[in-house]
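Quick look at upload_16.txt (compact mmCIF, C-alpha atoms):
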```txt
# COMPACT_ATOMS: atom_id res chain seq x y z
CA MET E 1 0.00 0.00 0.00
CA LYS E 2 1.32 3.38 -1.03
CA VAL E 3 0.21 6.55 0.77
CA LEU E 4 0.81 10.17 -0.18
CA GLY E 5 0.88 12.30 2.97
CA ILE E 6 0.54 16.06 2.66
CA ASP E 7 1.06 18.92 5.11
CA PRO E 8 -0.96 21.70 3.42
CA GLY E 9 0.13 25.31 3.49
CA THR E 10 0.17 28.07 0.89
CA ALA E 11 3.70 29.33 1.57
CA ALA E 12 5.16 25.87 2.23
CA CYS E 13 3.39 22.58 1.51
CA GLY E 14 5.20 19.36 2.42
CA TYR E 15 4.66 15.91 0.94
CA GLY E 16 5.94 12.44 1.72
CA ILE E 17 5.10 9.13 0.07
CA VAL E 18 5.50 5.87 1.96
CA HIS E 19 5.10 2.32 0.76
CA GLY E 20 4.09 -0.45 3.13
CA SER E 21 4.49 -4.15 2.42
CA ASP E 22 5.30 -7.22 4.48
CA GLY E 23 4.81 -5.17 7.64
CA ARG E 24 7.59 -2.77 6.63
CA LEU E 25 7.35 0.87 5.64
CA ARG E 26 9.78 2.58 3.34
CA ALA E 27 10.10 6.10 1.98
CA VAL E 28 9.38 6.59 -1.74
CA ALA E 29 9.66 10.34 -2.25
CA SER E 30 9.37 13.60 -0.36
CA GLY E 31 9.64 17.32 -0.89
CA CYS E 32 8.17 20.71 -0.21
CA TRP E 33 6.48 23.17 -2.57
CA ARG E 34 7.15 26.78 -1.74
CA THR E 35 5.27 29.74 -3.20
CA SER E 36 5.96 33.43 -2.85
CA PRO E 37 3.55 35.89 -1.21
CA ARG E 38 4.46 38.20 -4.09
CA ASP E 39 2.68 35.88 -6.54
CA ARG E 40 -1.06 35.85 -7.17
CA LEU E 41 -3.06 33.64 -4.81
CA ASP E 42 -4.66 31.67 -7.65
CA ALA E 43 -1.24 30.96 -9.18
CA ARG E 44 0.13 29.82 -5.81
CA LEU E 45 -2.80 27.44 -5.28
CA LEU E 46 -2.42 26.15 -8.83
CA THR E 47 1.22 25.25 -8.01
CA LEU E 48 -0.04 23.00 -5.18
CA PHE E 49 -2.83 21.52 -7.31
CA GLU E 50 -0.48 20.73 -10.22
CA GLY E 51 2.16 19.42 -7.80
CA VAL E 52 -0.24 16.96 -6.17
CA ARG E 53 -1.57 15.93 -9.57
CA ALA E 54 1.91 15.25 -10.93
CA LEU E 55 2.88 13.20 -7.84
CA ILE E 56 -0.27 11.08 -8.13
CA ALA E 57 0.37 10.50 -11.85
CA GLU E 58 4.01 9.51 -11.22
CA HIS E 59 3.68 7.41 -8.07
CA GLU E 60 0.07 6.16 -8.27
CA PRO E 61 -0.59 6.10 -4.51
CA ASP E 62 -3.54 4.09 -3.13
CA ALA E 63 -4.58 6.90 -0.81
CA VAL E 64 -3.91 10.49 0.16
CA ALA E 65 -3.75 11.49 3.82
CA LEU E 66 -3.85 14.90 5.51
CA GLU E 67 -3.89 16.02 9.09
CA GLU E 68 -7.20 17.43 10.24
CA SER E 69 -6.54 21.11 10.56
CA TYR E 70 -5.83 22.44 13.95
CA VAL E 71 -8.04 25.50 14.02
CA GLY E 72 -6.35 28.05 16.24
CA ALA E 73 -7.72 31.41 17.25
CA ASP E 74 -6.54 33.18 14.10
CA ALA E 75 -9.25 33.19 11.42
CA ARG E 76 -6.85 34.74 8.91
CA ILE E 77 -4.49 31.76 9.17
CA ALA E 78 -7.43 29.35 9.07
CA LEU E 79 -8.62 30.93 5.81
CA SER E 80 -5.15 30.58 4.27
CA VAL E 81 -4.73 26.96 5.39
CA GLY E 82 -8.25 26.26 4.14
CA GLN E 83 -7.40 27.55 0.66
CA ALA E 84 -4.32 25.31 0.48
CA ARG E 85 -6.35 22.35 1.74
CA GLY E 86 -9.00 23.03 -0.90
CA ALA E 87 -6.40 22.93 -3.68
CA VAL E 88 -4.90 19.67 -2.37
CA LEU E 89 -8.25 17.93 -1.70
CA VAL E 90 -9.54 18.80 -5.16
CA ALA E 91 -6.38 17.48 -6.82
CA ALA E 92 -6.77 14.15 -4.99
CA ALA E 93 -10.51 13.90 -5.63
CA ALA E 94 -10.10 14.80 -9.32
CA ALA E 95 -7.67 11.87 -9.60
CA GLY E 96 -10.28 9.56 -8.08
CA LEU E 97 -8.46 9.17 -4.75
CA GLU E 98 -10.08 9.55 -1.36
CA CYS E 99 -8.45 11.91 1.07
CA ALA E 100 -8.22 10.53 4.59
CA GLU E 101 -8.00 12.97 7.47
CA HIS E 102 -6.24 12.06 10.70
CA ALA E 103 -6.38 14.07 13.91
CA PRO E 104 -2.96 15.51 14.89
CA ALA E 105 -3.03 13.66 18.22
CA ARG E 106 -3.67 10.36 16.43
CA VAL E 107 -0.74 10.94 14.06
CA LYS E 108 1.59 11.74 16.97
CA GLN E 109 0.32 8.77 18.97
CA THR E 110 0.98 6.42 16.05
CA VAL E 111 4.38 7.80 15.08
CA CYS E 112 5.77 8.71 18.50
CA GLY E 113 3.59 6.70 20.90
CA TYR E 114 2.65 9.99 22.52
CA GLY E 115 -0.20 12.27 21.40
CA ARG E 116 1.58 15.45 22.40
CA ALA E 117 4.97 14.79 20.82
CA ASP E 118 6.83 17.87 19.60
CA LYS E 119 8.25 18.56 16.13
CA SER E 120 11.76 17.28 16.90
CA GLN E 121 10.38 13.96 18.21
CA ILE E 122 8.33 13.56 15.03
CA GLN E 123 11.39 14.19 12.85
CA ARG E 124 13.46 11.63 14.80
CA MET E 125 10.73 8.97 14.72
CA VAL E 126 10.01 9.46 11.01
CA LYS E 127 13.73 8.89 10.31
CA LEU E 128 13.71 5.76 12.49
CA ILE E 129 10.46 4.24 11.16
CA LEU E 130 11.35 4.79 7.50
CA GLY E 131 15.05 3.95 7.96
CA LEU E 132 16.14 7.27 6.45
CA ASP E 133 19.81 8.26 6.43
CA GLU E 134 18.93 11.67 7.81
CA GLU E 135 15.99 13.38 9.44
CA PRO E 136 13.59 15.04 6.96
CA ALA E 137 14.92 18.43 5.84
CA ASN E 138 12.11 20.36 7.49
CA SER E 139 9.00 19.94 9.63
CA HIS E 140 6.66 20.21 6.61
CA ILE E 141 8.17 17.07 5.10
CA ALA E 142 8.32 15.32 8.49
CA ASP E 143 4.64 16.11 9.16
CA ALA E 144 3.67 14.89 5.68
CA TYR E 145 5.57 11.62 6.22
CA ALA E 146 4.01 11.27 9.68
CA VAL E 147 0.43 11.43 8.43
CA ALA E 148 1.30 9.04 5.59
CA ILE E 149 2.78 6.60 8.14
CA SER E 150 -0.29 7.00 10.37
CA HIS E 151 -2.59 6.17 7.46
CA ALA E 152 -0.50 3.26 6.18
CA LEU E 153 -0.40 1.67 9.63
CA SER E 154 -4.18 2.01 10.01
CA SER E 155 -4.64 -0.16 6.93
CA PRO E 156 -5.31 -3.84 7.57
CA LEU E 157 -2.73 -4.67 4.89
CA VAL E 158 0.15 -3.04 6.72
CA GLY E 159 -1.13 -2.59 10.24
CA ALA E 160 0.27 -5.85 11.59
CA GLN E 161 3.41 -3.86 12.25
CA ARG E 162 1.71 -1.54 14.69
CA MET D 1 -16.61 41.40 -21.57
CA LYS D 2 -18.01 38.37 -19.78
CA VAL D 3 -17.41 37.88 -16.04
CA LEU D 4 -18.13 34.84 -13.89
CA GLY D 5 -18.82 35.95 -10.32
CA ILE D 6 -18.72 33.39 -7.53
CA ASP D 7 -19.82 33.48 -3.90
CA PRO D 8 -17.79 30.59 -2.47
CA GLY D 9 -19.13 28.30 0.23
CA THR D 10 -18.97 24.55 0.80
CA ALA D 11 -22.67 24.04 1.65
CA ALA D 12 -23.93 26.63 -0.87
CA CYS D 13 -21.85 28.25 -3.60
CA GLY D 14 -23.53 30.82 -5.82
CA TYR D 15 -22.52 31.86 -9.33
CA GLY D 16 -23.65 34.52 -11.75
CA ILE D 17 -22.32 35.36 -15.21
CA VAL D 18 -22.76 38.85 -16.64
CA HIS D 19 -21.92 40.16 -20.08
CA GLY D 20 -21.07 43.80 -20.63
CA SER D 21 -21.06 45.51 -24.01
CA ASP D 22 -21.95 48.98 -25.28
CA GLY D 23 -22.09 50.19 -21.70
CA ARG D 24 -24.86 47.72 -20.85
CA LEU D 25 -24.77 44.70 -18.57
CA ARG D 26 -26.94 41.66 -19.01
CA ALA D 27 -27.32 38.37 -17.16
CA VAL D 28 -26.07 35.26 -18.92
CA ALA D 29 -26.55 32.48 -16.36
CA SER D 30 -26.80 31.94 -12.64
CA GLY D 31 -27.25 29.20 -10.10
CA CYS D 32 -26.16 27.72 -6.83
CA TRP D 33 -24.31 24.48 -6.09
CA ARG D 34 -25.36 22.82 -2.87
CA THR D 35 -23.51 19.97 -1.19
CA SER D 36 -24.52 17.89 1.79
CA PRO D 37 -22.56 17.80 5.06
CA ARG D 38 -23.19 14.06 4.98
CA ASP D 39 -20.90 13.73 1.96
CA ARG D 40 -17.11 13.53 2.11
CA LEU D 41 -15.35 16.88 2.13
CA ASP D 42 -13.18 16.03 -0.89
CA ALA D 43 -16.27 15.02 -2.90
CA ARG D 44 -18.05 18.26 -1.93
CA LEU D 45 -15.08 20.38 -3.02
CA LEU D 46 -14.82 18.39 -6.25
CA THR D 47 -18.46 19.32 -6.99
CA LEU D 48 -17.48 23.02 -6.82
CA PHE D 49 -14.31 22.49 -8.85
CA GLU D 50 -16.12 20.56 -11.59
CA GLY D 51 -18.99 23.04 -11.55
CA VAL D 52 -16.69 26.03 -12.10
CA ARG D 53 -14.79 24.11 -14.76
CA ALA D 54 -17.98 23.24 -16.66
CA LEU D 55 -19.23 26.85 -16.51
CA ILE D 56 -15.94 28.16 -17.87
CA ALA D 57 -15.97 25.59 -20.67
CA GLU D 58 -19.57 26.44 -21.61
CA HIS D 59 -19.57 30.23 -21.28
CA GLU D 60 -15.89 31.10 -21.83
CA PRO D 61 -15.79 34.13 -19.49
CA ASP D 62 -12.95 36.64 -19.75
CA ALA D 63 -12.49 36.79 -16.01
CA VAL D 64 -13.55 35.24 -12.72
CA ALA D 65 -14.33 37.46 -9.73
CA LEU D 66 -14.74 36.66 -6.03
CA GLU D 67 -15.33 38.74 -2.98
CA GLU D 68 -12.36 38.99 -0.68
CA SER D 69 -13.32 36.90 2.29
CA TYR D 70 -14.63 38.66 5.28
CA VAL D 71 -12.69 36.95 8.04
CA GLY D 72 -14.88 36.98 11.12
CA ALA D 73 -13.94 35.78 14.56
CA ASP D 74 -14.76 32.13 13.84
CA ALA D 75 -11.69 30.25 12.62
CA ARG D 76 -13.76 27.14 11.92
CA ILE D 77 -15.91 29.03 9.41
CA ALA D 78 -12.82 30.68 7.91
CA LEU D 79 -11.26 27.24 7.34
CA SER D 80 -14.42 26.01 5.61
CA VAL D 81 -14.75 29.11 3.40
CA GLY D 82 -11.03 28.84 2.63
CA GLN D 83 -11.45 25.28 1.38
CA ALA D 84 -14.29 26.29 -0.94
CA ARG D 85 -12.27 29.28 -2.17
CA GLY D 86 -9.29 26.99 -2.84
CA ALA D 87 -11.43 24.69 -4.99
CA VAL D 88 -12.86 27.64 -6.97
CA LEU D 89 -9.55 29.49 -7.42
CA VAL D 90 -7.81 26.36 -8.65
CA ALA D 91 -10.58 25.64 -11.15
CA ALA D 92 -10.23 29.18 -12.58
CA ALA D 93 -6.43 29.11 -12.61
CA ALA D 94 -6.34 25.64 -14.21
CA ALA D 95 -8.47 27.07 -17.02
CA GLY D 96 -5.97 29.89 -17.51
CA LEU D 97 -8.23 32.59 -16.05
CA GLU D 98 -7.17 35.11 -13.44
CA CYS D 99 -9.32 35.42 -10.37
CA ALA D 100 -9.97 39.01 -9.33
CA GLU D 101 -10.80 39.70 -5.71
CA HIS D 102 -12.98 42.64 -4.71
CA ALA D 103 -13.48 43.88 -1.16
CA PRO D 104 -17.10 43.50 0.02
CA ALA D 105 -17.39 47.26 0.62
CA ARG D 106 -16.24 47.96 -2.93
CA VAL D 107 -18.82 45.57 -4.38
CA LYS D 108 -21.62 47.15 -2.33
CA GLN D 109 -20.44 50.65 -3.22
CA THR D 110 -20.48 49.80 -6.93
CA VAL D 111 -23.79 47.94 -6.97
CA CYS D 112 -25.74 49.94 -4.39
CA GLY D 113 -23.79 53.19 -4.15
CA TYR D 114 -23.36 52.49 -0.46
CA GLY D 115 -20.56 50.37 1.07
CA ARG D 116 -22.71 49.04 3.89
CA ALA D 117 -25.74 47.99 1.88
CA ASP D 118 -27.63 44.98 3.25
CA LYS D 119 -28.56 41.76 1.47
CA SER D 120 -32.04 42.91 0.40
CA GLN D 121 -30.62 46.08 -1.17
CA ILE D 122 -28.09 44.01 -3.12
CA GLN D 123 -30.84 41.71 -4.41
CA ARG D 124 -32.96 44.67 -5.54
CA MET D 125 -30.07 46.47 -7.24
CA VAL D 126 -28.84 43.32 -9.01
CA LYS D 127 -32.36 42.87 -10.44
CA LEU D 128 -32.44 46.50 -11.55
CA ILE D 129 -28.91 46.66 -13.06
CA LEU D 130 -29.29 43.41 -14.98
CA GLY D 131 -32.93 44.01 -15.92
CA LEU D 132 -34.05 40.71 -14.42
CA ASP D 133 -37.73 39.81 -14.22
CA GLU D 134 -37.32 38.81 -10.58
CA GLU D 135 -34.77 39.23 -7.82
CA PRO D 136 -32.16 36.44 -7.70
CA ALA D 137 -33.56 33.37 -5.96
CA ASN D 138 -31.19 33.64 -3.00
CA SER D 139 -28.41 35.78 -1.56
CA HIS D 140 -25.67 33.44 -2.83
CA ILE D 141 -26.70 34.12 -6.43
CA ALA D 142 -27.24 37.84 -5.73
CA ASP D 143 -23.76 38.13 -4.16
CA ALA D 144 -22.19 36.26 -7.08
CA TYR D 145 -23.91 38.58 -9.59
CA ALA D 146 -22.87 41.61 -7.50
CA VAL D 147 -19.15 40.78 -7.61
CA ALA D 148 -19.41 40.01 -11.33
CA ILE D 149 -21.07 43.41 -11.90
CA SER D 150 -18.41 45.11 -9.77
CA HIS D 151 -15.65 43.53 -11.83
CA ALA D 152 -17.28 44.19 -15.20
CA LEU D 153 -17.80 47.88 -14.34
CA SER D 154 -14.16 48.23 -13.27
CA SER D 155 -13.08 47.21 -16.77
CA PRO D 156 -12.22 50.05 -19.16
CA LEU D 157 -14.30 48.30 -21.82
CA VAL D 158 -17.54 48.48 -19.86
CA GLY D 159 -16.87 51.04 -17.17
CA ALA D 160 -18.16 54.01 -19.12
CA GLN D 161 -21.50 53.05 -17.66
CA ARG D 162 -20.34 53.64 -14.12
```

What does the file become when written as structure tokens?
Amino acid sequence: MKVLGIDPGTAACGYGIVHGSDGRLRAVASGCWRTSPRDRLDARLLTLFEGVRALIAEHEPDAVALEESYVGADARIALSVGQARGAVLVAAAAAGLECAEHAPARVKQTVCGYGRADKSQIQRMVKLILGLDEEPANSHIADAYAVAISHALSSPLVGAQR
Amino acid sequence: MKVLGIDPGTAACGYGIVHGSDGRLRAVASGCWRTSPRDRLDARLLTLFEGVRALIAEHEPDAVALEESYVGADARIALSVGQARGAVLVAAAAAGLECAEHAPARVKQTVCGYGRADKSQIQRMVKLILGLDEEPANSHIADAYAVAISHALSSPLVGAQR
């Protein structure tokens, strides 16, 4: 089972693809799209949409997974995250893939064994679980890998490992 | 000049297309997509994306216009509106159209001559400006027409009417 995990954001949007088989998870690809606040909003969102579409075409994942958005007090940030999520969700749905949403605490519990793990713990555990040579380059990629791992391990096909 | 105006929302998303020529504006098409909270979020956003895409293919507007989002105190609502906006903006951008954003006060000022006009005033003025037989069926359609009118009248090609 192959899962594309995404950490949606307009300025920086991380992705990580994991493949699970025989109770083992391995990393397939990862990266981070960055867009400039100087560019038009529609062009920035199109970058995310086209990016997700190209990844799905190249890697043919079985599922796409996102963290449920933590909605803080700032409605302005929520609007911006919402726009990025809209672009990503539509790209997945247009490719015929369902987008699974996992609560942040569930992702942390699965990856770190602790629902309130901090960013550095997530980066360390993602490296360990996927057997990477180095920790992911930034927290966007680590968070994207983490939600992909969480979704892969919740699948009956891979979950024996959990 | 033909403008597709959209009032983005996940549960109800209004659209109105206006055509301006010889200093006159007329209505081309309008409607409202509704999606159920019982459906998956990605499927609901795909309905908006596909709807915008189909309208653009059928009517070939020169521009798409949206109101800048009023960001209230509720971050949960802002996230939801953001997701709908993301789906709409991506559909326009993927079709090669720029999405213009107009501040709500500017739209009201243009359509009603008063930046704090209420919903019933907007519905009346939209009917009058476009020469409709009846007021738009709901405020989503009226708001979509209003932002389309605002954008069409800001164009040098049509604006002589203003």

Mobile chain D fitted to chain E over all in-order Cα pairs, reported as a short mmCIF file (atom, residue, chain, number, x, y, z; two decimals) with C-alpha atoms, in the coordinates of the input:
```cif
data_model
loop_
_atom_site.label_atom_id
_atom_site.label_comp_id
_atom_site.auth_asym_id
_atom_site.auth_seq_id
_atom_site.Cartn_x
_atom_site.Cartn_y
_atom_site.Cartn_z
CA MET D 1 0.00 -0.01 0.01
CA LYS D 2 1.33 3.38 -1.04
CA VAL D 3 0.21 6.55 0.76
CA LEU D 4 0.81 10.17 -0.18
CA GLY D 5 0.87 12.31 2.96
CA ILE D 6 0.53 16.07 2.66
CA ASP D 7 1.06 18.92 5.10
CA PRO D 8 -0.95 21.69 3.42
CA GLY D 9 0.13 25.31 3.49
CA THR D 10 0.16 28.08 0.89
CA ALA D 11 3.71 29.34 1.57
CA ALA D 12 5.15 25.85 2.24
CA CYS D 13 3.39 22.57 1.52
CA GLY D 14 5.20 19.36 2.43
CA TYR D 15 4.66 15.90 0.94
CA GLY D 16 5.95 12.45 1.71
CA ILE D 17 5.10 9.13 0.05
CA VAL D 18 5.50 5.87 1.96
CA HIS D 19 5.10 2.32 0.76
CA GLY D 20 4.08 -0.44 3.13
CA SER D 21 4.46 -4.14 2.40
CA ASP D 22 5.28 -7.23 4.46
CA GLY D 23 4.78 -5.19 7.60
CA ARG D 24 7.56 -2.78 6.62
CA LEU D 25 7.35 0.87 5.64
CA ARG D 26 9.78 2.59 3.34
CA ALA D 27 10.11 6.11 1.96
CA VAL D 28 9.37 6.58 -1.72
CA ALA D 29 9.66 10.35 -2.25
CA SER D 30 9.38 13.60 -0.37
CA GLY D 31 9.64 17.31 -0.88
CA CYS D 32 8.17 20.70 -0.21
CA TRP D 33 6.47 23.16 -2.56
CA ARG D 34 7.14 26.78 -1.73
CA THR D 35 5.27 29.73 -3.20
CA SER D 36 5.96 33.42 -2.85
CA PRO D 37 3.54 35.88 -1.22
CA ARG D 38 4.44 38.19 -4.09
CA ASP D 39 2.67 35.88 -6.53
CA ARG D 40 -1.07 35.84 -7.17
CA LEU D 41 -3.06 33.64 -4.81
CA ASP D 42 -4.67 31.66 -7.64
CA ALA D 43 -1.25 30.95 -9.19
CA ARG D 44 0.12 29.82 -5.81
CA LEU D 45 -2.79 27.43 -5.27
CA LEU D 46 -2.42 26.14 -8.83
CA THR D 47 1.22 25.25 -8.00
CA LEU D 48 -0.04 23.00 -5.17
CA PHE D 49 -2.82 21.52 -7.30
CA GLU D 50 -0.48 20.72 -10.20
CA GLY D 51 2.16 19.42 -7.81
CA VAL D 52 -0.24 16.96 -6.16
CA ARG D 53 -1.57 15.94 -9.57
CA ALA D 54 1.93 15.24 -10.92
CA LEU D 55 2.87 13.20 -7.83
CA ILE D 56 -0.26 11.08 -8.14
CA ALA D 57 0.38 10.51 -11.84
CA GLU D 58 4.01 9.51 -11.21
CA HIS D 59 3.69 7.41 -8.06
CA GLU D 60 0.08 6.16 -8.27
CA PRO D 61 -0.59 6.09 -4.50
CA ASP D 62 -3.54 4.11 -3.14
CA ALA D 63 -4.57 6.89 -0.81
CA VAL D 64 -3.91 10.50 0.15
CA ALA D 65 -3.76 11.50 3.82
CA LEU D 66 -3.86 14.90 5.51
CA GLU D 67 -3.89 16.02 9.08
CA GLU D 68 -7.18 17.44 10.23
CA SER D 69 -6.54 21.12 10.56
CA TYR D 70 -5.83 22.45 13.95
CA VAL D 71 -8.03 25.52 14.00
CA GLY D 72 -6.34 28.06 16.24
CA ALA D 73 -7.71 31.41 17.26
CA ASP D 74 -6.52 33.19 14.10
CA ALA D 75 -9.23 33.19 11.43
CA ARG D 76 -6.85 34.74 8.90
CA ILE D 77 -4.49 31.76 9.16
CA ALA D 78 -7.43 29.34 9.07
CA LEU D 79 -8.63 30.93 5.81
CA SER D 80 -5.16 30.58 4.27
CA VAL D 81 -4.73 26.95 5.39
CA GLY D 82 -8.26 26.25 4.14
CA GLN D 83 -7.40 27.53 0.68
CA ALA D 84 -4.32 25.30 0.48
CA ARG D 85 -6.34 22.33 1.75
CA GLY D 86 -9.01 23.02 -0.89
CA ALA D 87 -6.41 22.94 -3.67
CA VAL D 88 -4.91 19.66 -2.36
CA LEU D 89 -8.24 17.91 -1.70
CA VAL D 90 -9.54 18.78 -5.15
CA ALA D 91 -6.38 17.49 -6.81
CA ALA D 92 -6.76 14.14 -4.98
CA ALA D 93 -10.50 13.88 -5.63
CA ALA D 94 -10.09 14.79 -9.32
CA ALA D 95 -7.67 11.87 -9.60
CA GLY D 96 -10.27 9.55 -8.08
CA LEU D 97 -8.46 9.17 -4.75
CA GLU D 98 -10.08 9.55 -1.36
CA CYS D 99 -8.45 11.90 1.08
CA ALA D 100 -8.23 10.52 4.61
CA GLU D 101 -8.01 12.97 7.48
CA HIS D 102 -6.23 12.07 10.70
CA ALA D 103 -6.36 14.10 13.91
CA PRO D 104 -2.95 15.52 14.88
CA ALA D 105 -3.02 13.66 18.22
CA ARG D 106 -3.67 10.38 16.42
CA VAL D 107 -0.73 10.93 14.07
CA LYS D 108 1.60 11.75 16.97
CA GLN D 109 0.32 8.78 18.97
CA THR D 110 0.98 6.43 16.06
CA VAL D 111 4.39 7.80 15.09
CA CYS D 112 5.77 8.71 18.51
CA GLY D 113 3.58 6.72 20.89
CA TYR D 114 2.64 10.00 22.53
CA GLY D 115 -0.19 12.30 21.39
CA ARG D 116 1.59 15.49 22.40
CA ALA D 117 4.96 14.80 20.81
CA ASP D 118 6.84 17.89 19.59
CA LYS D 119 8.26 18.58 16.14
CA SER D 120 11.77 17.28 16.91
CA GLN D 121 10.37 13.98 18.21
CA ILE D 122 8.33 13.57 15.02
CA GLN D 123 11.40 14.20 12.86
CA ARG D 124 13.45 11.63 14.80
CA MET D 125 10.73 8.97 14.73
CA VAL D 126 10.01 9.47 11.01
CA LYS D 127 13.73 8.90 10.32
CA LEU D 128 13.71 5.78 12.48
CA ILE D 129 10.45 4.24 11.15
CA LEU D 130 11.35 4.80 7.51
CA GLY D 131 15.04 3.97 7.95
CA LEU D 132 16.16 7.27 6.47
CA ASP D 133 19.82 8.26 6.45
CA GLU D 134 18.94 11.69 7.83
CA GLU D 135 15.97 13.39 9.45
CA PRO D 136 13.58 15.03 6.96
CA ALA D 137 14.92 18.40 5.84
CA ASN D 138 12.12 20.36 7.50
CA SER D 139 9.00 19.94 9.62
CA HIS D 140 6.67 20.21 6.61
CA ILE D 141 8.18 17.06 5.10
CA ALA D 142 8.33 15.32 8.50
CA ASP D 143 4.64 16.11 9.16
CA ALA D 144 3.68 14.89 5.69
CA TYR D 145 5.58 11.61 6.22
CA ALA D 146 4.02 11.27 9.70
CA VAL D 147 0.43 11.43 8.42
CA ALA D 148 1.31 9.03 5.59
CA ILE D 149 2.78 6.59 8.14
CA SER D 150 -0.29 6.99 10.36
CA HIS D 151 -2.58 6.17 7.46
CA ALA D 152 -0.51 3.26 6.17
CA LEU D 153 -0.39 1.66 9.64
CA SER D 154 -4.17 2.01 10.01
CA SER D 155 -4.63 -0.16 6.92
CA PRO D 156 -5.32 -3.85 7.55
CA LEU D 157 -2.74 -4.68 4.88
CA VAL D 158 0.14 -3.02 6.70
CA GLY D 159 -1.11 -2.58 10.23
CA ALA D 160 0.24 -5.85 11.55
CA GLN D 161 3.38 -3.87 12.20
CA ARG D 162 1.66 -1.57 14.64
#
```

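Considering only C-alpha atoms, the residue among E:His19, E:Lys119, E:Arg53, E:Arg106 positioned nearest to chain D is E:Arg53.
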
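For the set D:Gly9, D:Asn138, D:Asp42, D:Tyr145, the residue with the smallest atom-to-atom gap to Gly96 in chain E is D:Asp42, counting only C-alpha atoms.
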
Worksheet item: Within 10 Å of Leu25 in chain E, counting all atoms listed in the file, which residues qualify if same-chain residues fewer than 6 places away don't, as a PyMOL selection string?
Response: chain E and resi 1-2+18-19+129-131+149+152-153+158+161

Produce a table with one row for each residue of chain E that has an atom at most 10 Å from any atom of chain D, each row naming the nearest atom pair and its distance in Å at one decimal; use only C-alpha atoms; arrange rows by chain and rising residue number; format as a tab-separated table.
```
residue	atom	partner	partner_atom	distance
E:Arg40	CA	D:Glu98	CA	8.8
E:Leu41	CA	D:Leu89	CA	8.1
E:Asp42	CA	D:Leu89	CA	5.4
E:Ala43	CA	D:Ala93	CA	6.5
E:Arg44	CA	D:Val90	CA	9.1
E:Leu45	CA	D:Val90	CA	6.1
E:Leu46	CA	D:Val90	CA	5.4
E:Thr47	CA	D:Val90	CA	9.1
E:Leu48	CA	D:Val90	CA	9.1
E:Phe49	CA	D:Val90	CA	7.1
E:Glu50	CA	D:Ala94	CA	8.6
E:Ser69	CA	D:Leu79	CA	8.4
E:Tyr70	CA	D:Arg76	CA	9.4
E:Val71	CA	D:Ala75	CA	6.2
E:Gly72	CA	D:Ala75	CA	6.8
E:Ala73	CA	D:Ala75	CA	6.2
E:Asp74	CA	D:Ala75	CA	6.1
E:Ala75	CA	D:Ala75	CA	4.0
E:Arg76	CA	D:Val71	CA	6.3
E:Ile77	CA	D:Ala75	CA	8.1
E:Ala78	CA	D:Leu79	CA	4.7
E:Leu79	CA	D:Gly82	CA	4.5
E:Ser80	CA	D:Gly82	CA	6.3
E:Val81	CA	D:Leu79	CA	6.8
E:Gly82	CA	D:Gly82	CA	4.1
E:Gln83	CA	D:Gly86	CA	4.0
E:Ala84	CA	D:Gly86	CA	6.2
E:Arg85	CA	D:Gln83	CA	5.9
E:Gly86	CA	D:Gln83	CA	4.0
E:Ala87	CA	D:Gly86	CA	5.1
E:Val88	CA	D:Gly86	CA	8.5
E:Leu89	CA	D:Asp42	CA	5.3
E:Val90	CA	D:Leu46	CA	5.4
E:Ala91	CA	D:Leu46	CA	8.5
E:Ala92	CA	D:Asp42	CA	7.8
E:Ala93	CA	D:Asp42	CA	5.8
E:Ala94	CA	D:Leu46	CA	6.7
E:Gly96	CA	D:Ala43	CA	9.6
E:Leu97	CA	D:Asp42	CA	9.2
E:Glu98	CA	D:Asp42	CA	7.2
E:Cys99	CA	D:Asp42	CA	6.6
E:Ala100	CA	D:Asp42	CA	9.2
E:Glu101	CA	D:Leu41	CA	9.9
```

Worksheet entry | Nearby residues (all atoms listed in the file) at most 9 Å from Gly14 in chain E, same-chain spacing under 2 positions excluded, as a list in words | Gly5, Ile6, Asp7, Pro8, Gly9, Ala12, Gly16, Ser30, Gly31, Cys32, Trp33, Arg34, Asn138, Ser139, His140, Ile141, Ala142, Asp143, Ala144 and Tyr145 of chain E

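Residue nearest Gly23 in chain D, chosen from D:Ser155, D:Gln123, D:Cys112, D:Leu55 and counting all atoms listed in the file: D:Ser155.
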
Worksheet item: Between CA of Ala63 in chain E and CA of Ile17 in chain E, what is the distance, to one decimal in Å?
Response: 10.0 Å

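One distance worth recording is that between CA of Gly20 in chain E and CA of Val147 in chain E, which is 13.5 Å.
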
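Between CA of Arg124 in chain D and CA of Glu67 in chain D there is a distance of 18.8 Å.
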
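In this comparison, which uses all atoms listed in the file, the residue of D:Gly113, D:Ile56, D:Val107, D:Tyr15 approaching Ala137 in chain D most closely is D:Tyr15.
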
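Using only C-alpha atoms, the shortest contact distance between Gln109 in chain E and any of E:Ala146, E:Arg38, E:Lys127, E:Pro136 is found at E:Ala146.
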
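Counting only C-alpha atoms, the residue from E:Glu60, E:Ser150, E:Ala11, E:Asp133 that sits nearest to Asp39 in chain E is E:Ala11.
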